[in-house]
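Each remark here refers to the structure printed beneath this line.
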Amino acid sequence: MTERARRLFGNMPAGRGVAFLSFTQAAVFELETRLRQEGVLPSPVFPSFIGTFDSFVWQFLIAPFGMKDSDARPRLIADMAELTVTPFDGAHPLPLSCFCPLTGEIYEQAAKFRGFDTSQKPASQLQAYSSAAKSIRAGLRERGQLGFDEARSVALERLKEAELASQIAVALAGRFREVIVDEAQDCNPDDLAIISWLRDSGLPVKIVCDPHQSIYEFRGGVTDHLFAFAETFAAHERKDLTGNFRSAPNICKTIAQFRPLSVRTPPDEPLGRYKDEPAPVHILSYSGTAVPASIGTTFCALLGQAAIDVSLSPVIAATKASGAAAAGQPRPTGRRDRSVRLAEAVIDFHFAAGFNDMKTAIDCVHQILLDLEGRLGGSSYRQYLADNEIEPASWRSKVIYVLRELQFDAAEYADARAWHAAAKEFLSKYLTVENGQSISQKLKWNAAIEVALAVVPGATAMPRTIHSVKGMEYPAVCVVTTASTLKTILDFLETGEPADKAEDARKLYVAASRAERLLVIAAPKSQAERLCTHLCGQGAIVTMREI
């Protein structure tokens, strides 16, 4: 993409630019960093555009026009999908993201992912859920508030208005010489519909994707759709990317084996700075079903032997709990108590693995502070910010100050209870509580705080989830697999069945392909030998040790 940008900007007519779109903030940050490092991206960026697909849709298809059924200024509410739908007392709570924005119908797979099996529920109950979701969305839309899913629906409605859609297309074509959509495997059918409209409108559109990295099926992401979409391009418009500028040879050969059998291709050719790196791929075989901390210890030892910075080399797992266990850190408690969430956010901030983790912790603490002051009422966090037109610049430095004041230091606090007492005292002076309750009443002690504030070793690899590292790359990674999933993933990779394990296999593909120089995979002893044999299938050098 950098080279494509270089060619376009080398002969760019005055007043024209390029739209660079991706599907995660991490991927956008990585792309923008590369473009700036190479001196390709002009400054100022305008008339070019670089951002998420969501921001592009909002800026060009929604914000300038408003909505048909609302006179309110449209506002994007980033956490709207998290609003809870509970149609009756005692109902299983489901987030709004589990419901179709147009019909209110429950997405069966998304609901099942959250413990609600629609096949076991009566039709009357499903109808009650759908009606409740439609009612919530109607009320929000009347106030001009849209989530990402709702924004897609509004954009598609606008594109059905032939005259207006034609005018928008002319304006976009006048500004952008080309639209480049990166990480397109993360799109859903509505995104593909918008991309198709851009193409049909005459805009040159380039799609960059790896269908094997599609891991958002539970959010309506596409997989087979992408292969079908590729067929809508002429043969000369389709290019296979077979070079790998990131990974060493044995890593390239290994990740090729994580592709499904039906579409498995030869390994990509290593072309980057580590193309001659001879390091083997390591499998760490562990006993039992629980993920042991010895995984992180052994991984750190391998990093030391390879002279790789441990702070740049994460332990990657499907869940936070597995990653934390492997890294020798406390597992997330899963508790929703304010005091526990505050303690976890403080630890997450001070041991953040990157900017996104730090930002998430800052936002979490800001939400807790607003909640303590009784400001949120019945609104979601993002709704409150939008309704009151509160910009990050007005509060972020204050929240960072709070996070620094609340840092847990074992030399300063005798134990977690001492930290909890100090936190209550500090916040009592810092915040204004208006609803009659004190900070002590709102920040009650919970034993889970002791788990959240467990001291993290200084030289340890930080745990990350697979979804959080999408679009990133690291000198080394340790991928954690578990006894509950690895067997069926290998079954799928070897035979194509069970088909419902395809996404789990793609998750391993994503995690392993983050590695540049060193790839380590932790596997349960029952499957380690089998995994080793499978990964050697295209010539990778793989070593195995028991831990």
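Residue numbering restarts at 1 in every chain; chains get A, B, ... in the order shown in the structure tokens, and ligands count up from 1 in that same order.
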Check your understanding: Excluding same-chain residues fewer than 3 positions from segment 31-44 of chain A, what lies within 6 Å of it counting only C-alpha atoms, as a list in words?
Key ->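 That gives Thr2, Arg6 and Val28 of chain A.
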Point to revise | Within 7 Å of segment 324-329 of chain A using only C-alpha atoms, minus same-chain residues under 4 positions, as a list of chain:residue names | key: A:Val291, A:Pro292, A:Ala293, A:Ser294, A:Ile295, A:Gly296, A:Val315, A:Lys320, A:Val456, A:Thr460, A:Ala461, A:Met462, A:Pro463
Let's have the selection written as a compact mmCIF listing (two decimals), in the first residue's frame, with N, CA and C atoms.
# COMPACT_ATOMS: atom_id res chain seq x y z
N VAL A 291 -3.82 -23.49 31.62
CA VAL A 291 -2.68 -22.80 31.00
C VAL A 291 -1.70 -22.39 32.09
N PRO A 292 -0.44 -22.88 32.04
CA PRO A 292 0.51 -22.59 33.13
C PRO A 292 1.35 -21.33 32.88
N ALA A 293 1.82 -20.74 33.96
CA ALA A 293 2.67 -19.55 33.87
C ALA A 293 4.05 -19.87 33.31
N SER A 294 4.42 -21.15 33.29
CA SER A 294 5.72 -21.54 32.74
C SER A 294 5.82 -21.22 31.25
N ILE A 295 4.68 -21.03 30.59
CA ILE A 295 4.70 -20.62 29.18
C ILE A 295 5.40 -19.27 29.05
N GLY A 296 4.97 -18.31 29.86
CA GLY A 296 5.58 -16.98 29.80
C GLY A 296 7.03 -16.99 30.20
N VAL A 315 2.35 -12.13 24.61
CA VAL A 315 1.71 -13.44 24.65
C VAL A 315 0.29 -13.25 24.13
N LYS A 320 -8.57 -13.01 27.34
CA LYS A 320 -7.70 -12.32 28.29
C LYS A 320 -7.26 -13.27 29.39
N VAL A 456 2.63 -7.20 39.06
CA VAL A 456 3.06 -7.77 37.79
C VAL A 456 4.59 -7.79 37.75
N THR A 460 8.24 -9.29 32.08
CA THR A 460 7.29 -10.29 31.62
C THR A 460 6.66 -9.86 30.32
N ALA A 461 6.32 -10.82 29.50
CA ALA A 461 5.64 -10.51 28.25
C ALA A 461 4.19 -10.14 28.58
N MET A 462 3.68 -9.13 27.91
CA MET A 462 2.33 -8.67 28.19
C MET A 462 1.32 -9.50 27.41
N PRO A 463 0.20 -9.89 28.05
CA PRO A 463 -0.83 -10.66 27.34
C PRO A 463 -1.69 -9.76 26.47
Check your understanding: Do you know which residues are at most 12 Å from Ile194 of chain A counting only C-alpha atoms, after dropping those on the same chain fewer than 5 positions away, and could you put them as a ChimeraX atom specification?
Key -> /A:53-54,56-57,60-61,151-160,165,169,181,187-189,199-201,205
Practice item. Pick out the residues sitting within 8 Å of Ala528 of chain A, and hand them over as a list of chain:residue names; count only C-alpha atoms, and ignore anything fewer than 5 positions along from it in its own chain. Key: A:Ile283, A:Leu284, A:Ser285, A:Ala523, A:Met544
**Study point:** Gap from atom CA of Gly323 of chain A to atom CA of Ala279 of chain A - Å, one decimal
**Key:** 23.8 Å
Practice item. Work out how far atom CA of Ile180 of chain A is from atom CA of Arg4 of chain A, in Å to one decimal. Key: 9.4 Å
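Compared by their closest atoms to Ala14 of chain A, and using only C-alpha atoms, the residues A:Asp79, A:Arg177, A:Pro74, A:Cys100 rank with A:Arg177 nearest.
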Point to revise | Top pick for closest residue to Ala78 of chain A, considering A:Arg382, A:Arg273, A:Arg464, A:Arg506 and counting only C-alpha atoms | key: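 When distances to Ala78 of chain A are compared using only C-alpha atoms, the smallest one comes from A:Arg382.
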Point to revise | Residue with smallest distance to Pro87 of chain A - pool A:Leu126, A:Ala63, A:Phe349, A:Val365, counting only C-alpha atoms | key: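 When distances to Pro87 of chain A are compared using only C-alpha atoms, the smallest one comes from A:Leu126.
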Apply DSSP to the structure's backbone, then extract all residues of segment 83-251 of chain A labelled strand (DSSP E or B) and return them as a PDB file with N, CA and C atoms, in the first residue's frame.
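Generated output (out.pdb):
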ATOM      1  N   THR A  84     -28.201  -2.429  26.432  1.00  0.00           N
ATOM      2  CA  THR A  84     -28.794  -3.714  26.777  1.00  0.00           C
ATOM      3  C   THR A  84     -30.268  -3.776  26.396  1.00  0.00           C
ATOM      4  N   VAL A  85     -30.657  -4.896  25.798  1.00  0.00           N
ATOM      5  CA  VAL A  85     -32.051  -5.169  25.458  1.00  0.00           C
ATOM      6  C   VAL A  85     -32.577  -6.222  26.433  1.00  0.00           C
ATOM      7  N   LEU A  94     -29.235  -8.891  26.311  1.00  0.00           N
ATOM      8  CA  LEU A  94     -28.490  -8.987  25.058  1.00  0.00           C
ATOM      9  C   LEU A  94     -28.123  -7.588  24.594  1.00  0.00           C
ATOM     10  N   PRO A  95     -26.910  -7.398  24.087  1.00  0.00           N
ATOM     11  CA  PRO A  95     -26.545  -6.076  23.561  1.00  0.00           C
ATOM     12  C   PRO A  95     -27.297  -5.788  22.261  1.00  0.00           C
ATOM     13  N   PHE A  99     -28.965  -7.493  17.192  1.00  0.00           N
ATOM     14  CA  PHE A  99     -30.224  -7.322  16.467  1.00  0.00           C
ATOM     15  C   PHE A  99     -30.008  -6.564  15.160  1.00  0.00           C
ATOM     16  N   ILE A 106     -33.161 -11.105  15.618  1.00  0.00           N
ATOM     17  CA  ILE A 106     -31.985 -11.491  16.391  1.00  0.00           C
ATOM     18  C   ILE A 106     -30.982 -12.197  15.491  1.00  0.00           C
ATOM     19  N   GLN A 145     -29.316   9.903  17.194  1.00  0.00           N
ATOM     20  CA  GLN A 145     -28.195   9.114  17.694  1.00  0.00           C
ATOM     21  C   GLN A 145     -28.094   7.792  16.936  1.00  0.00           C
ATOM     22  N   LEU A 146     -26.924   7.532  16.382  1.00  0.00           N
ATOM     23  CA  LEU A 146     -26.702   6.341  15.577  1.00  0.00           C
ATOM     24  C   LEU A 146     -25.475   5.584  16.069  1.00  0.00           C
ATOM     25  N   PHE A 176     -11.244  12.442  -4.870  1.00  0.00           N
ATOM     26  CA  PHE A 176     -10.349  11.297  -4.706  1.00  0.00           C
ATOM     27  C   PHE A 176      -9.998  10.663  -6.051  1.00  0.00           C
ATOM     28  N   ARG A 177      -8.721  10.556  -6.258  1.00  0.00           N
ATOM     29  CA  ARG A 177      -8.246   9.873  -7.460  1.00  0.00           C
ATOM     30  C   ARG A 177      -8.419   8.365  -7.321  1.00  0.00           C
ATOM     31  N   GLU A 178      -8.389   7.885  -6.081  1.00  0.00           N
ATOM     32  CA  GLU A 178      -8.536   6.450  -5.840  1.00  0.00           C
ATOM     33  C   GLU A 178      -8.954   6.233  -4.396  1.00  0.00           C
ATOM     34  N   VAL A 179      -9.733   5.185  -4.184  1.00  0.00           N
ATOM     35  CA  VAL A 179     -10.112   4.755  -2.837  1.00  0.00           C
ATOM     36  C   VAL A 179      -9.461   3.396  -2.591  1.00  0.00           C
ATOM     37  N   ILE A 180      -8.670   3.294  -1.502  1.00  0.00           N
ATOM     38  CA  ILE A 180      -7.993   2.042  -1.162  1.00  0.00           C
ATOM     39  C   ILE A 180      -8.571   1.531   0.154  1.00  0.00           C
ATOM     40  N   VAL A 181      -9.167   0.353   0.108  1.00  0.00           N
ATOM     41  CA  VAL A 181      -9.772  -0.253   1.295  1.00  0.00           C
ATOM     42  C   VAL A 181      -8.865  -1.382   1.771  1.00  0.00           C
ATOM     43  N   VAL A 205     -11.366   1.839  -7.240  1.00  0.00           N
ATOM     44  CA  VAL A 205     -11.347   1.270  -5.894  1.00  0.00           C
ATOM     45  C   VAL A 205     -10.399   0.084  -5.861  1.00  0.00           C
ATOM     46  N   LYS A 206      -9.495   0.087  -4.895  1.00  0.00           N
ATOM     47  CA  LYS A 206      -8.589  -1.032  -4.684  1.00  0.00           C
ATOM     48  C   LYS A 206      -8.948  -1.690  -3.347  1.00  0.00           C
ATOM     49  N   ILE A 207      -9.115  -3.006  -3.380  1.00  0.00           N
ATOM     50  CA  ILE A 207      -9.464  -3.764  -2.179  1.00  0.00           C
ATOM     51  C   ILE A 207      -8.268  -4.627  -1.794  1.00  0.00           C
ATOM     52  N   GLY A 243       4.121 -12.461  -1.579  1.00  0.00           N
ATOM     53  CA  GLY A 243       5.350 -12.085  -0.883  1.00  0.00           C
ATOM     54  C   GLY A 243       5.037 -11.638   0.526  1.00  0.00           C
ATOM     55  N   ASN A 244       5.903 -11.951   1.470  1.00  0.00           N
ATOM     56  CA  ASN A 244       5.707 -11.582   2.862  1.00  0.00           C
ATOM     57  C   ASN A 244       6.883 -10.703   3.302  1.00  0.00           C
TER      58      ASN A 244
END
Review point. Within 12 Å of Arg404 of chain A, counting only C-alpha atoms, which residues qualify if same-chain residues fewer than 2 places away don't, as an MDAnalysis selection string?
Key: chainID A and resid 345:350 361:362 365 397:402 406:409 423 426
Those selected residues, please, written with C-alpha atoms and delivered as a JSON list (two decimals), in the first residue's frame.
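Saved file part.json follows:
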[["chain", "number", "residue", "atom", "x", "y", "z"],
["A", 345, "ALA", "CA", -8.18, 0.02, 34.75],
["A", 346, "VAL", "CA", -5.35, 1.44, 36.89],
["A", 347, "ILE", "CA", -3.27, -1.70, 36.32],
["A", 348, "ASP", "CA", -4.14, -1.78, 32.60],
["A", 349, "PHE", "CA", -3.04, 1.85, 32.21],
["A", 350, "HIS", "CA", 0.31, 1.44, 33.94],
["A", 361, "ALA", "CA", -8.10, 2.35, 30.42],
["A", 362, "ILE", "CA", -8.44, 6.15, 30.33],
["A", 365, "VAL", "CA", -11.79, 5.49, 34.39],
["A", 397, "SER", "CA", -5.53, 15.17, 31.15],
["A", 398, "LYS", "CA", -7.56, 15.17, 34.38],
["A", 399, "VAL", "CA", -8.23, 11.44, 34.10],
["A", 400, "ILE", "CA", -4.56, 10.73, 33.44],
["A", 401, "TYR", "CA", -3.76, 12.69, 36.61],
["A", 402, "VAL", "CA", -6.19, 10.49, 38.55],
["A", 406, "LEU", "CA", -3.99, 5.91, 41.97],
["A", 407, "GLN", "CA", -1.01, 3.88, 40.72],
["A", 408, "PHE", "CA", -0.55, 0.80, 42.85],
["A", 409, "ASP", "CA", 2.96, 0.64, 44.31],
["A", 423, "ALA", "CA", -8.32, 5.66, 46.52],
["A", 426, "PHE", "CA", -8.39, 10.79, 47.18]]
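With distances restricted to only C-alpha atoms, A:Asp182 is the closest residue to Asp210 of chain A from A:Asp190, A:Asp182, A:Glu391, A:Asp500.
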Practice item. Within 12 Å of Ser119 of chain A, counting only C-alpha atoms, which residues show up once you throw out same-chain ones fewer than 4 positions away? Write them as a PyMOL selection string, please. Key: chain A and resi 106-109+111-112+115+123+125-126
Those residues with C-alpha atoms, as an mmCIF file, in the first residue's frame please?
data_model
loop_
_atom_site.group_PDB
_atom_site.id
_atom_site.type_symbol
_atom_site.label_atom_id
_atom_site.label_comp_id
_atom_site.auth_asym_id
_atom_site.auth_seq_id
_atom_site.Cartn_x
_atom_site.Cartn_y
_atom_site.Cartn_z
ATOM 1 C CA ILE A 106 -31.985 -11.491 16.391
ATOM 2 C CA TYR A 107 -28.644 -12.504 14.897
ATOM 3 C CA GLU A 108 -28.630 -16.143 16.009
ATOM 4 C CA GLN A 109 -24.867 -16.590 16.082
ATOM 5 C CA ALA A 111 -26.842 -14.157 20.523
ATOM 6 C CA LYS A 112 -25.468 -17.665 21.000
ATOM 7 C CA GLY A 115 -25.220 -17.435 25.955
ATOM 8 C CA ALA A 123 -41.274 -17.516 19.055
ATOM 9 C CA GLN A 125 -40.050 -14.499 23.397
ATOM 10 C CA LEU A 126 -37.948 -13.854 20.289
#
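With only C-alpha atoms taken into account, the protein and nucleic acid residues at most 12 Å from Trp445 of chain A (excluding it and anything under 3 positions from it in its own chain) are Asp337, Arg338, Ser339, Val340, Arg341, Leu342, Ala343, Ala416, Arg417, Ala418, Trp419, His420, Ala421, Ala423, Lys424, Ile439, Ser440, Gln441, Lys442, Ala448, Ile449 and Glu450 of chain A.
In this comparison, which uses only C-alpha atoms, the residue of A:Ala193, A:Val281, A:Met12, A:Ala393 approaching Phe299 of chain A most closely is A:Val281.
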Point to revise | Given only C-alpha atoms as the counted atoms, nearest of A:Ala184, A:Leu490, A:Val170, A:Ala414 to Ala502 of chain A | key: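 Ranking A:Ala184, A:Leu490, A:Val170, A:Ala414 by distance to Ala502 of chain A, first place goes to A:Leu490.
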Practice item. In Å, rounded to a single decimal, give me how far atom CA of Leu303 of chain A is from atom CA of Val451 of chain A. Key: 27.5 Å
